[in-house]
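**Q** Here it is, the structure in full.
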Amino acid sequence: MDDLLQEFLAETREMLAAISGEIIAWETEPGDRARLDSIFRFVHTVKGSCGFLDLPRLERLSHAAEEALASVRGGERQADVPLVNAVLAIIDRIGELTDAIEAGESLPEEDDRRLLAALAPTFSASGAAEAARASQAAPSVAQPGSGAPIRTVSRSIRLPIDLLDRMMGGVSDMVLARNELARKLRDSMADGAVEAAFERLSLCVAEMRDAITRTRMQRIDHIFSALPRMVRDLSAELGKAVALEIDGGDVELDREMIEMIRDPLTHIIRNAIDHGIEPPEDRRIAGKPAAGRLSVSARQAGNQILIEVMDDGRGIDGDRLVARAIAAGVLAPERAESLNWAQKLALVFEPGLSTANAVSAISGRGVGMDVVRSNVERIGGLVDIESRPSQGLRLTLRVPLTLTIIPALTVSAAGQTFAIPRSAIEEIVRASGDGVRLEPMGGVHIAAIRGRRMPVVPLGALTRGPGRPAASPTLVVLRPAGGALFALSVDAVHDHEELVVKPAAPAVMATGIYAGTTLPDNGRPMLLLDPAGIAVVSGVASQPIAQSEPEAAAEEETPLVQTLLFHDSDGVERAIRLSVVERIEEVPASAARFSAGRLRIAHNDQLLPLLGHADPAERTRLRVLRISDGETQLAYMIDEVIDIVALPPLADSALRPGPVAGVVMVDGRQVELLDPHWLLADAAGGLPAPAARPTCLLVAAEDRWTTEILRPLVEAAGYRVVVGRGPADMRPDIIIDSGGGGEPTGGEASGGVPVVRLRAAPAPANGNDDSIYRYDRVGLLAALDGVAAVRR
Amino acid sequence: MEALHLIVGIAGQRVALAARHVESVVEIDSVTPVPLVVPHIAGLAALRSRVLTIVDTLAALDLGRMDLDDVMQAVIVTIDGHLYGLLVEEVEDVISLADAPSPVCAVLEPGWSRVASGMVEIDGDALLLIDPAALVAGPGAMAA
């Protein structure tokens, strides 16, 4: 039998067992909202799975029950005795059908109709009796003649986690016993035959430990592999085109977690396809590719697994959510005014709220998201939501690492051994090695490793261990996820090991520098260090994690970029992204020549455009940066290299496009950052001729912002810009309305030309607002891109 | 209703722990220190293949620090899914009590009042009934 079906049956049976208590409680107290919610979730989940597995009969039943329960939740119906009976009869029938499917039998279908009829609001008392009869008659149908229903033998079994834990504990104990035996054997000088037998035992134990560990762990692929089929079926059913991207399927997760995130993930993806991604026609009108993009990815970050689902659909509208929440009585109108954008979006997790206008069979009951949150929170996880109306939605499930195998490096400092996750380690160098210098500065040390400077955190001092630091420490260069480089100074580096890591007690985690505990083969617990936490605790983190301020939290993380600092040929300190610098070279000044309209250097049989501020004729040797995008190359004259530093992206952009992209901050100094794009474009022959470029009309362009800030950006995107009112016969390819004044240009008034509206506020003013925040560079460029693509 | 209680010595006093909280009593010989942790967490130890977080009960009562050099007895409890070993000075007995614990009829020192959940009577002696979760939470936690 199909694996998925098998799993569905096992799951449904488990849920039925779990819910039977709730059902009985609900029967005695039909007004109990919590019970109603959990029964509702059950039928909703069954319905979802049925549609996917093509079980129309179960789907019909569960959909009907869901409808009825939804009207109770919505306050349109009372949970009276006939209704409760009818719902219970349906749940019983779901159980019988599940058994029948597993046994490969069929149940007579006419009973279903009676059960469905019993749900109708105008149902009479005699009907209720009939429904009760139907439900009582059913078990006899499920047990044909011979007695107990025949169950097929399943190829998979479900085990309680406790049992697995005990097995794992037993194997770990076995490893410890083996180690002790090994020591004893070495001491007693046993003969060869004993040694060989012990070796074999040893191998078996190791293999067994591996297998047992694997029983707990599972690649997240286990869930991801079912997604393409689900997405395909759903999008076909809804008449949508969806391109699915999956990444990170090899991330391993505790089996328990995998089971717990299966439903939330399914719900999120259903929602994304059903409500997020628009039908192809709508997408075309909005200037998006006809096929919606849905990307699902998993990765490990610190002591969490992040599972991200992103779509480029219409997003969730916070203001519409607020309106619905007020209408549903979940939110008081006066509180609504004080909500910020993120808090508005969080309303989507309230039970009984949905932004879908029409309820469909796929989702849109407002049950999905509250199930998502309650499931994820039950395993100690979090759900983040990020939405840009008309551009897409990103949901991130953050799941804690309960138990995981992490490749780690063991180090010791001040007499204690610790583990460091290998993923965060950039390199390991001896403080006395070549190209490594420890420079004392203000009571601490800075490490200079091949020209890179970074703060040093002495682990022994951080942990206040009793031992004295080694005379010549080893530096472990760490790059925590999303943070700046620093060097952890340790006394000794021991070994690479694969460690089984478990969460530490809350008091231990509260120190902020540990990611978990592990029990190596010697039987002494060891602590796994959290590089990001150490950076924060020791104060070397470049950017403190802003959690208290919602504004800061809403900002996307800004990754640091390796940047080369140098003295330019005019003596000014400038910087360039390291990734575009191919190498630094010295060439004789005689290699430079002004030929065919520009300066060029001939070097190693290559002719490269030469840029810079100095006159090569005044020098004997030139030091140049070879800048390349892989194809086009150019040389840029400099005086000398200062350093390589990790810098955040631009602090501020240049006013006009040119060789300088903008300003970055380096230790409080303003340093100009070169724009490799401009330089390479210049070298490659510049932009296409103006006539071939699409035209962009900037309306309300009399203000400085539009002319000085917006215009260069639009021009850089490849547009010819016309400001204000163009010639009467001119037909721009796109209109940007920066809202600086005048009346807004409506879609009709613009004569079919796409209009991009900008707004000054980060969050949209109301539900119908499809404008783009004027500093949302990505969004704006995407909108421009869309038009340019259509034109091509 | 009969309920089993474990009588142990903490900070020089006999106290009772409800046996339903207690998983086992073990001897701990080596403790891995946890740098930077709050004072009442003495460190980590292994119980077979599981990692125990060791609680210094003297420090948890804010009455000083226990000596950690020799072999110690620890009462194993599970709180919120984590395994803890509460270091005790003495393990006396397991006693079945018929009476429900009564409220404490005295004003206790702050450390004790935070961890005491009641009073039980054994052979005419009144003993404090200790809440292991409060011991684990330590002096930094707000009074429950």
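If you're wondering about the labels, chains in the structure tokens are A, B, ... by order shown, residues count from 1 in each chain, ligands from 1 in order shown.
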Give me the chain B side of the contact with chain A, cut-off 10 Å, one line per residue showing its nearest atom pair and distance in Å at one decimal, counting only C-alpha atoms, sorted by chain and residue number, as a tab-separated table.

**A**
residue	atom	partner	partner_atom	distance
B:Ser30	CA	A:Arg524	CA	7.9
B:Val31	CA	A:Arg524	CA	8.0
B:Thr32	CA	A:Pro525	CA	6.5
B:Pro33	CA	A:Gln416	CA	8.4
B:Val34	CA	A:Val508	CA	7.3
B:Pro35	CA	A:Thr463	CA	4.9
B:Leu36	CA	A:Thr511	CA	6.0
B:Val37	CA	A:Thr511	CA	5.6
B:Val38	CA	A:Ala507	CA	7.0
B:His40	CA	A:Ala507	CA	9.4
B:Ile41	CA	A:Ala507	CA	7.5
B:Gly43	CA	A:Val508	CA	8.8
B:Leu44	CA	A:Pro525	CA	6.2
B:Ala45	CA	A:Pro525	CA	6.0
B:Ala46	CA	A:Pro525	CA	6.1
B:Leu47	CA	A:Gly523	CA	9.0
B:Arg48	CA	A:Asp173	CA	6.0
B:Ser49	CA	A:Gly169	CA	5.0
B:Arg50	CA	A:Gly169	CA	7.0
B:Val51	CA	A:Pro525	CA	6.5
B:Leu52	CA	A:Pro525	CA	8.6
B:Thr53	CA	A:Ala505	CA	6.8
B:Ile79	CA	A:Ala505	CA	9.3
B:Asp80	CA	A:Ala505	CA	9.1
B:Gly81	CA	A:Ala505	CA	8.9
B:His82	CA	A:Ala505	CA	5.9
B:Leu83	CA	A:Ala505	CA	7.9
B:Tyr84	CA	A:Ala505	CA	8.4
B:Val136	CA	A:Ala507	CA	8.6
B:Ala137	CA	A:Ala507	CA	7.9
B:Gly138	CA	A:Ala507	CA	9.3

**Q** Could you write out, as JSON, numbers by chain, all the residues of segment 402-574 of chain A that DSSP marks as strand (DSSP E)?

**A** {"A": [404, 405, 406, 407, 408, 409, 410, 411, 412, 413, 416, 417, 418, 419, 420, 421, 425, 426, 427, 428, 429, 430, 436, 437, 438, 439, 440, 441, 444, 445, 446, 447, 448, 449, 452, 453, 454, 455, 456, 457, 458, 474, 475, 476, 477, 478, 486, 487, 488, 489, 490, 492, 493, 494, 495, 496, 497, 498, 499, 500, 501, 502, 514, 515, 516, 517, 518, 526, 527, 528, 529, 561, 562, 563, 564, 565, 566, 567, 568, 573, 574]}

**Q** For the atom pair atom CA of Glu308 of chain A and atom CA of Arg398 of chain A, what is the interatomic distance in Å to one decimal place?

**A**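 If I compute the distance from atom CA of Glu308 of chain A to atom CA of Arg398 of chain A, I get 8.6 Å.
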
**Q** For Ile28 of chain B, work out the shell of residues within 7 Å, counting only C-alpha atoms and skipping chain neighbours fewer than 3 positions away, then give it as a ChimeraX atom specification.

**A** /B:71-74

**Q** What would the file look like if the residues just selected were written as a short mmCIF file (atom, residue, chain, number, x, y, z; two decimals), in the first residue's frame with C-alpha atoms?

**A**
data_model
loop_
_atom_site.label_atom_id
_atom_site.label_comp_id
_atom_site.auth_asym_id
_atom_site.auth_seq_id
_atom_site.Cartn_x
_atom_site.Cartn_y
_atom_site.Cartn_z
CA VAL B 71 31.41 11.23 46.48
CA MET B 72 27.98 12.75 46.99
CA GLN B 73 24.46 11.47 47.03
CA ALA B 74 22.00 13.00 44.63
#

**Q** For Glu245 of chain A, work out the shell of residues within 9 Å, counting only C-alpha atoms and skipping chain neighbours fewer than 6 positions away, then give it as a PyMOL selection string.

**A** chain A and resi 228+293-297

**Q** Env of segment 194-202 of chain A: 12 Å cut, atoms = only C-alpha atoms, seq-sep filter 6 positions within chain, self excluded. Answer as a list of chain:residue names.

**A** A:Val171, A:Met174, A:Val175, A:Leu176, A:Ala177, A:Arg178, A:Asn179, A:Glu180, A:Leu181, A:Ala182, A:Arg183, A:Lys184, A:Leu185, A:Arg186, A:Ser188, A:Met208, A:Arg209

**Q** Nearest to Gly85 of chain B among B:Ala11, B:Met66, B:Ala60, B:Val25, with distances taken over only C-alpha atoms: which residue is it?

**A**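 Once distances to Gly85 of chain B are computed over only C-alpha atoms, the minimum belongs to B:Val25.
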
**Q** Can you pull out every residue from segment 26-107 of chain B that DSSP, working from the backbone, puts in helix (DSSP H, G or I), and format the result as a ChimeraX atom specification?

**A** /B:57-60

**Q** Just the selected residues (C-alpha atoms), exported as a tab-separated table (two decimals), in the first residue's frame, please.

**A**
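Writing done, so here's result-v7.tsv:
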chain	number	residue	atom	x	y	z
B	57	THR	CA	20.93	22.57	47.49
B	58	LEU	CA	22.82	24.70	49.98
B	59	ALA	CA	23.29	27.38	47.32
B	60	ALA	CA	19.69	26.96	46.20

**Q** What's around Ile307 of chain A at 10 Å? Count only C-alpha atoms, leave out sequence neighbours fewer than 3 positions away in its own chain, and write the answer as an NGL selection string.

**A** :A and (220 or 247-248 or 261 or 265 or 296-300 or 304 or 310 or 383 or 395-399)

**Q** What is the distance, in Å and to one decimal place, between atom CA of Pro732 of chain A and atom CA of Pro659 of chain A?

**A**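 Value for the atom CA of Pro732 of chain A-atom CA of Pro659 of chain A distance: 28.7 Å.
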
**Q** Would you list the contacts of Leu127 of chain B as a list in words, taking every protein, DNA or RNA residue within 7 Å and counting only C-alpha atoms, but skipping same-chain residues closer than 6 positions in sequence?

**A** Arg14, Val15, Ala16, Met119, Val120 and Glu121 of chain B
